[in-house]
Protein chains: 2
Amino acid sequence: MEALGPDRITSVGADDYHRYDRQERKSLPFTPLHPKCNYIDIMEQHLQHLSLGQPILKPVYDHDTGQLGRPEYVEPREFVIVEGLLPLHTAVSRACFDITVFLDPPEEIRIAWKLRRDIKKRGYTEEQVRAELEKREPESAEFIRPQRAHADIVVRFSPIEERGESPEDPLSAYLLLRPTISHPDLVKVLGDDTREAMHLQLRRDADGKPVDSVHIHSYADRKDTKKVEQAIWDELGIDEPVPETLGMIDPDTRDEPLALTQLILLYHLIQARESHVRPERR
Amino acid sequence: MEALGPDRITSVGADDYHRYDRQERKSLPFTPLHPKCNYIDIMEQHLQHLSLGQPILKPVYDHDTGQLGRPEYVEPREFVIVEGLLPLHTAVSRACFDITVFLDPPEEIRIAWKLRRDIKKRGYTEEQVRAELEKREPESAEFIRPQRAHADIVVRFSPIEERGESPEDPLSAYLLLRPTISHPDLVKVLGDDTREAMHLQLRRDADGKPVDSVHIHSYADRKDTKKVEQAIWDELGIDEPVPETLGMIDPDTRDEPLALTQLILLYHLIQARESHVRPERR
């Protein structure tokens, strides 16, 4: 959002499509991860409207109070970014997107992130969060993780276990780039030597299907990442510099794996936009 | 709704599409009658979904509190009935309906009805209601009344002024049937003698366009209304008796003008349904 400018972006949280409030869910046999706990058909409908440039009256779920409130009028801007638990659950929903991304952290990292957010931002205790995670696990396995197979890009920030790294170390980025969309040509700038801080490998995913696998280690040198960055950016052929906000964790800290991951997502956002504005170039 | 059975009907209040709550409206230069005060585009969108058999997540305006609340999942049943201030305001909205009806009581009667409802049911004082009516009048003239021209049927319950009747007398029904849809053949059962308690006249509306004008006086004899009733019902060719609830104001009071008005609306609802279920008959 920072790279493109927030005023060019409409951001939609798919978790606003919760069917029940927190109180009602207490007596229900499923968690918010279950499609039955969400208005999936309305989410599909709204994604279709947004993808056609039409406004929606979006439901609003308040994570602080756990209540469903007054809906919100939302118009699609130049870019629509949708994030949430189930946006890749159905074919109709997936068909509304130009690019789909699945965030796939190792369980250990995911739990640490969720603990931090829910305790700090949503006022839960650690036991409450862990109990909820346990309760959600079967539905996570049944409905959330299968969406990974439908993503054009799978992003995994992870320590390198073979090197004995821990979650407290700066994380590497593992990107799976599926041939379901056209990615920037990285073969020109990345070798396949796994001893390099950055490398690209042609691999098979767990399901046997071919993917490009990109690895960017946290100690990757800025001099090298800059070359990759420039190659990706040049492919876009646009008349602007690479946004300086990429990879910035705070004003003094730039994270190279994060920067290149964001750049690849940005590449696709800009490409998608160009293909809508000038479809003859597609 | 009683005649068809409430479980066959989805009822939608178009006033739920208010854009602002009561508090917000206080600082705005228009009343809820103004299209700007309503999500007209979302109403159009939702009416299209319902007319295609698709569900909607309908906004909810609470007339008691004046607040906008948690939206409501609504699925279209066999019949969808929409009532409200602006459903005939735009062409897209009108195109979603099989039959459109405009209620056109004389101002005196309308004010009496509104006073009664707003004082009894919504807790306003008479002065408040009258002040609001005055404030709304220019927007009523600009946006509400012009919708009359787009209705297939205009219904007016009114005392007969030429006979010196007052609003406290039982009201006559004046029905304008426009040739925009196919009405039951009333020429067979109604004459054009205005001295009769029921009559049918070929007339020009205020805009010069031809209409059928039906008048049913409150003293119309049940024997005569029964003939008209049967003729209309027979045209439907369905295997059920005329619903007994028509015209019932309370369990002991049947109002003949109301009964025949309701029957004509019912006729159209059933015809419209048949034409969707068996379009080859249309």
# chains A, B, ... in the order shown; residues from 1 in each chain; ligands from 1
call {"tool": "closest_atom_pairs", "arguments": {"of": "chain A", "to": "chain B", "cutoff": "10 Å", "atoms": "only C-alpha atoms", "output": "CSV"}}
result
residue,atom,partner,partner_atom,distance
A:Tyr17,CA,B:Leu57,CA,9.8
A:Arg19,CA,B:Tyr73,CA,8.8
A:Tyr39,CA,B:Tyr73,CA,8.4
A:Asp41,CA,B:Pro55,CA,7.9
A:Ile42,CA,B:Ile56,CA,6.7
A:Met43,CA,B:Leu57,CA,9.7
A:Gln45,CA,B:Ile56,CA,8.6
A:His46,CA,B:Ile56,CA,9.8
A:His49,CA,B:Gln45,CA,9.2
A:Gln54,CA,B:Asp41,CA,9.1
A:Pro55,CA,B:Ile42,CA,7.4
A:Ile56,CA,B:Ile42,CA,6.7
A:Leu57,CA,B:Ile42,CA,6.8
A:Lys58,CA,B:Leu57,CA,8.6
A:Pro59,CA,B:Pro71,CA,6.9
A:Val60,CA,B:Arg70,CA,8.2
A:Tyr61,CA,B:Arg70,CA,9.3
A:Gln67,CA,B:Arg70,CA,8.7
A:Leu68,CA,B:Arg70,CA,5.6
A:Gly69,CA,B:Arg70,CA,4.6
A:Arg70,CA,B:Gly69,CA,4.6
A:Pro71,CA,B:Pro71,CA,6.7
A:Glu72,CA,B:Arg19,CA,9.6
A:Tyr73,CA,B:Tyr39,CA,8.4
call {"tool": "write_last_selection", "arguments": {"atoms": "C-alpha atoms", "output": "PDB file, in the first residue's frame"}}
result
ATOM      1  CA  TYR A  17     -18.012 -11.674   5.967  1.00  0.00           C
ATOM      2  CA  ARG A  19     -21.971 -14.801   9.546  1.00  0.00           C
ATOM      3  CA  TYR A  39     -21.289 -15.531   4.044  1.00  0.00           C
ATOM      4  CA  ASP A  41     -21.847 -16.484  -1.354  1.00  0.00           C
ATOM      5  CA  ILE A  42     -22.046 -12.799  -0.456  1.00  0.00           C
ATOM      6  CA  MET A  43     -18.246 -12.552  -0.439  1.00  0.00           C
ATOM      7  CA  GLN A  45     -20.897 -11.600  -5.047  1.00  0.00           C
ATOM      8  CA  HIS A  46     -19.009  -8.617  -3.650  1.00  0.00           C
ATOM      9  CA  HIS A  49     -18.793  -6.461  -8.164  1.00  0.00           C
ATOM     10  CA  GLN A  54     -18.808  -1.651  -9.055  1.00  0.00           C
ATOM     11  CA  PRO A  55     -19.320  -0.510  -5.442  1.00  0.00           C
ATOM     12  CA  ILE A  56     -20.430  -2.771  -2.613  1.00  0.00           C
ATOM     13  CA  LEU A  57     -22.012  -2.311   0.791  1.00  0.00           C
ATOM     14  CA  LYS A  58     -19.484  -4.343   2.764  1.00  0.00           C
ATOM     15  CA  PRO A  59     -20.367  -5.938   6.102  1.00  0.00           C
ATOM     16  CA  VAL A  60     -18.171  -4.930   9.033  1.00  0.00           C
ATOM     17  CA  TYR A  61     -16.910  -7.261  11.777  1.00  0.00           C
ATOM     18  CA  GLN A  67     -19.801  -7.616  16.930  1.00  0.00           C
ATOM     19  CA  LEU A  68     -21.204  -7.143  13.450  1.00  0.00           C
ATOM     20  CA  GLY A  69     -22.006  -3.510  12.761  1.00  0.00           C
ATOM     21  CA  ARG A  70     -23.182  -0.995  10.233  1.00  0.00           C
ATOM     22  CA  PRO A  71     -22.007  -1.906   6.735  1.00  0.00           C
ATOM     23  CA  GLU A  72     -19.637   0.293   4.799  1.00  0.00           C
ATOM     24  CA  TYR A  73     -19.880   1.657   1.268  1.00  0.00           C
TER      25      TYR A  73
END
call {"tool": "residues_around", "arguments": {"residues": "Val211 of chain A", "least_positions_apart": "6", "cutoff": "9 Å", "atoms": "only C-alpha atoms", "output": "PDB file with C-alpha atoms, in the first residue's frame"}}
result
ATOM      1  CA  LEU A 176       6.907 -20.457  -4.714  1.00  0.00           C
ATOM      2  CA  LEU A 177       6.032 -18.976  -8.101  1.00  0.00           C
ATOM      3  CA  ARG A 178       3.434 -21.066  -9.915  1.00  0.00           C
ATOM      4  CA  PRO A 179       3.177 -21.008 -13.713  1.00  0.00           C
ATOM      5  CA  GLN A 201      15.268 -23.622  -8.548  1.00  0.00           C
ATOM      6  CA  LEU A 202      12.904 -25.501 -10.777  1.00  0.00           C
ATOM      7  CA  ARG A 203      11.193 -27.916  -8.410  1.00  0.00           C
ATOM      8  CA  ARG A 204       8.138 -29.996  -7.797  1.00  0.00           C
ATOM      9  CA  ASP A 205       5.736 -28.890  -5.093  1.00  0.00           C
TER      10      ASP A 205
END
call {"tool": "select_by_dssp", "arguments": {"residues": "segment 217-272 of chain A", "states": "alpha helix (DSSP H)", "output": "PDB file with N, CA and C atoms, in the first residue's frame"}}
result
ATOM      1  N   ARG A 222      23.119  -6.356  -0.330  1.00  0.00           N
ATOM      2  CA  ARG A 222      22.336  -5.308  -1.000  1.00  0.00           C
ATOM      3  C   ARG A 222      22.788  -5.109  -2.444  1.00  0.00           C
ATOM      4  N   LYS A 223      24.101  -5.241  -2.674  1.00  0.00           N
ATOM      5  CA  LYS A 223      24.635  -5.105  -4.032  1.00  0.00           C
ATOM      6  C   LYS A 223      23.996  -6.140  -4.972  1.00  0.00           C
ATOM      7  N   ASP A 224      23.828  -7.377  -4.470  1.00  0.00           N
ATOM      8  CA  ASP A 224      23.239  -8.437  -5.297  1.00  0.00           C
ATOM      9  C   ASP A 224      21.717  -8.279  -5.414  1.00  0.00           C
ATOM     10  N   THR A 225      21.074  -7.965  -4.290  1.00  0.00           N
ATOM     11  CA  THR A 225      19.613  -7.821  -4.360  1.00  0.00           C
ATOM     12  C   THR A 225      19.261  -6.659  -5.282  1.00  0.00           C
ATOM     13  N   LYS A 226      20.105  -5.642  -5.319  1.00  0.00           N
ATOM     14  CA  LYS A 226      19.839  -4.480  -6.174  1.00  0.00           C
ATOM     15  C   LYS A 226      19.796  -4.873  -7.649  1.00  0.00           C
ATOM     16  N   LYS A 227      20.697  -5.795  -8.030  1.00  0.00           N
ATOM     17  CA  LYS A 227      20.693  -6.269  -9.425  1.00  0.00           C
ATOM     18  C   LYS A 227      19.382  -6.961  -9.769  1.00  0.00           C
ATOM     19  N   VAL A 228      18.935  -7.833  -8.858  1.00  0.00           N
ATOM     20  CA  VAL A 228      17.679  -8.564  -9.073  1.00  0.00           C
ATOM     21  C   VAL A 228      16.508  -7.580  -9.122  1.00  0.00           C
ATOM     22  N   GLU A 229      16.524  -6.682  -8.174  1.00  0.00           N
ATOM     23  CA  GLU A 229      15.502  -5.644  -8.085  1.00  0.00           C
ATOM     24  C   GLU A 229      15.400  -4.873  -9.396  1.00  0.00           C
ATOM     25  N   GLN A 230      16.553  -4.437  -9.909  1.00  0.00           N
ATOM     26  CA  GLN A 230      16.560  -3.628 -11.115  1.00  0.00           C
ATOM     27  C   GLN A 230      16.054  -4.431 -12.314  1.00  0.00           C
ATOM     28  N   ALA A 231      16.434  -5.711 -12.362  1.00  0.00           N
ATOM     29  CA  ALA A 231      16.007  -6.557 -13.485  1.00  0.00           C
ATOM     30  C   ALA A 231      14.478  -6.706 -13.487  1.00  0.00           C
ATOM     31  N   ILE A 232      13.929  -6.925 -12.304  1.00  0.00           N
ATOM     32  CA  ILE A 232      12.464  -7.070 -12.203  1.00  0.00           C
ATOM     33  C   ILE A 232      11.793  -5.762 -12.593  1.00  0.00           C
ATOM     34  N   TRP A 233      12.315  -4.680 -12.061  1.00  0.00           N
ATOM     35  CA  TRP A 233      11.692  -3.373 -12.308  1.00  0.00           C
ATOM     36  C   TRP A 233      11.769  -2.984 -13.777  1.00  0.00           C
ATOM     37  N   ASP A 234      12.941  -3.273 -14.420  1.00  0.00           N
ATOM     38  CA  ASP A 234      13.105  -2.935 -15.834  1.00  0.00           C
ATOM     39  C   ASP A 234      12.076  -3.638 -16.708  1.00  0.00           C
ATOM     40  N   GLU A 235      11.715  -4.869 -16.309  1.00  0.00           N
ATOM     41  CA  GLU A 235      10.720  -5.611 -17.106  1.00  0.00           C
ATOM     42  C   GLU A 235       9.385  -4.888 -17.174  1.00  0.00           C
ATOM     43  N   LEU A 236       9.077  -4.109 -16.116  1.00  0.00           N
ATOM     44  CA  LEU A 236       7.808  -3.382 -16.092  1.00  0.00           C
ATOM     45  C   LEU A 236       7.794  -2.274 -17.132  1.00  0.00           C
ATOM     46  N   GLU A 256      16.046  -7.434   3.324  1.00  0.00           N
ATOM     47  CA  GLU A 256      16.176  -7.776   1.898  1.00  0.00           C
ATOM     48  C   GLU A 256      15.174  -8.837   1.429  1.00  0.00           C
ATOM     49  N   PRO A 257      14.991  -9.927   2.187  1.00  0.00           N
ATOM     50  CA  PRO A 257      13.987 -10.906   1.740  1.00  0.00           C
ATOM     51  C   PRO A 257      12.599 -10.284   1.622  1.00  0.00           C
ATOM     52  N   LEU A 258      12.244  -9.435   2.593  1.00  0.00           N
ATOM     53  CA  LEU A 258      10.943  -8.763   2.553  1.00  0.00           C
ATOM     54  C   LEU A 258      10.865  -7.817   1.350  1.00  0.00           C
ATOM     55  N   ALA A 259      11.943  -7.071   1.103  1.00  0.00           N
ATOM     56  CA  ALA A 259      11.960  -6.103  -0.001  1.00  0.00           C
ATOM     57  C   ALA A 259      11.720  -6.797  -1.344  1.00  0.00           C
ATOM     58  N   LEU A 260      12.424  -7.916  -1.580  1.00  0.00           N
ATOM     59  CA  LEU A 260      12.262  -8.586  -2.879  1.00  0.00           C
ATOM     60  C   LEU A 260      10.889  -9.251  -2.997  1.00  0.00           C
ATOM     61  N   THR A 261      10.388  -9.783  -1.873  1.00  0.00           N
ATOM     62  CA  THR A 261       9.041 -10.363  -1.886  1.00  0.00           C
ATOM     63  C   THR A 261       8.010  -9.297  -2.249  1.00  0.00           C
ATOM     64  N   GLN A 262       8.112  -8.161  -1.591  1.00  0.00           N
ATOM     65  CA  GLN A 262       7.170  -7.068  -1.874  1.00  0.00           C
ATOM     66  C   GLN A 262       7.306  -6.589  -3.311  1.00  0.00           C
ATOM     67  N   LEU A 263       8.558  -6.575  -3.807  1.00  0.00           N
ATOM     68  CA  LEU A 263       8.773  -6.112  -5.179  1.00  0.00           C
ATOM     69  C   LEU A 263       8.080  -7.048  -6.182  1.00  0.00           C
ATOM     70  N   ILE A 264       8.166  -8.342  -5.928  1.00  0.00           N
ATOM     71  CA  ILE A 264       7.522  -9.292  -6.852  1.00  0.00           C
ATOM     72  C   ILE A 264       5.992  -9.127  -6.815  1.00  0.00           C
ATOM     73  N   LEU A 265       5.442  -8.908  -5.623  1.00  0.00           N
ATOM     74  CA  LEU A 265       3.993  -8.653  -5.537  1.00  0.00           C
ATOM     75  C   LEU A 265       3.638  -7.346  -6.259  1.00  0.00           C
ATOM     76  N   LEU A 266       4.462  -6.337  -6.064  1.00  0.00           N
ATOM     77  CA  LEU A 266       4.237  -5.044  -6.708  1.00  0.00           C
ATOM     78  C   LEU A 266       4.310  -5.184  -8.232  1.00  0.00           C
ATOM     79  N   TYR A 267       5.294  -5.947  -8.681  1.00  0.00           N
ATOM     80  CA  TYR A 267       5.428  -6.230 -10.114  1.00  0.00           C
ATOM     81  C   TYR A 267       4.103  -6.749 -10.678  1.00  0.00           C
ATOM     82  N   HIS A 268       3.524  -7.718  -9.977  1.00  0.00           N
ATOM     83  CA  HIS A 268       2.279  -8.318 -10.465  1.00  0.00           C
ATOM     84  C   HIS A 268       1.104  -7.350 -10.393  1.00  0.00           C
ATOM     85  N   LEU A 269       1.056  -6.535  -9.352  1.00  0.00           N
ATOM     86  CA  LEU A 269      -0.026  -5.547  -9.252  1.00  0.00           C
ATOM     87  C   LEU A 269       0.038  -4.586 -10.432  1.00  0.00           C
ATOM     88  N   ILE A 270       1.245  -4.115 -10.717  1.00  0.00           N
ATOM     89  CA  ILE A 270       1.393  -3.148 -11.814  1.00  0.00           C
ATOM     90  C   ILE A 270       1.113  -3.817 -13.164  1.00  0.00           C
ATOM     91  N   GLN A 271       1.627  -5.046 -13.341  1.00  0.00           N
ATOM     92  CA  GLN A 271       1.351  -5.785 -14.584  1.00  0.00           C
ATOM     93  C   GLN A 271      -0.152  -5.988 -14.775  1.00  0.00           C
ATOM     94  N   ALA A 272      -0.840  -6.373 -13.699  1.00  0.00           N
ATOM     95  CA  ALA A 272      -2.285  -6.624 -13.794  1.00  0.00           C
ATOM     96  C   ALA A 272      -3.012  -5.343 -14.186  1.00  0.00           C
TER      97      ALA A 272
END
call {"tool": "select_by_dssp", "arguments": {"residues": "segment 123-249 of chain B", "states": "strand (DSSP E)", "output": "number ranges by chain"}}
result
B: 153-158, 172-177, 198-204, 210-216, 248-249
call {"tool": "residues_around", "arguments": {"residues": "Gly66 of chain B", "least_positions_apart": "6", "cutoff": "9 Å", "atoms": "only C-alpha atoms", "output": "MDAnalysis selection string"}}
result
chainID B and resid 21:23
call {"tool": "residues_around", "arguments": {"residues": "Pro105 of chain A", "least_positions_apart": "2", "cutoff": "6 Å", "atoms": "only C-alpha atoms", "output": "list in words"}}
result
Arg110, Arg156 and Phe157 of chain A
call {"tool": "atom_distance", "arguments": {"atom1": "atom CA of Lys121 of chain A", "atom2": "atom CA of Asp16 of chain A"}}
result
17.4 Å
call {"tool": "atom_distance", "arguments": {"atom1": "atom CA of Leu186 of chain B", "atom2": "atom CA of Ile153 of chain B"}}
result
14.5 Å
call {"tool": "closest_residue", "arguments": {"among": "B:Ile181, B:Leu103, B:Arg254, B:Asn38", "to": "Asp152 of chain B", "atoms": "only C-alpha atoms"}}
result
B:Ile181
call {"tool": "atom_distance", "arguments": {"atom1": "atom CA of Gly53 of chain A", "atom2": "atom CA of Glu78 of chain A"}}
result
9.2 Å
call {"tool": "closest_residue", "arguments": {"among": "A:Lys114, A:Arg273, A:Arg136, A:Arg130", "to": "Leu33 of chain A", "atoms": "only C-alpha atoms"}}
result
A:Arg136
call {"tool": "residues_around", "arguments": {"residues": "Leu88 of chain A", "least_positions_apart": "3", "cutoff": "7 Å", "atoms": "only C-alpha atoms", "output": "PyMOL selection string"}}
result
chain A and resi 93-94+147+150
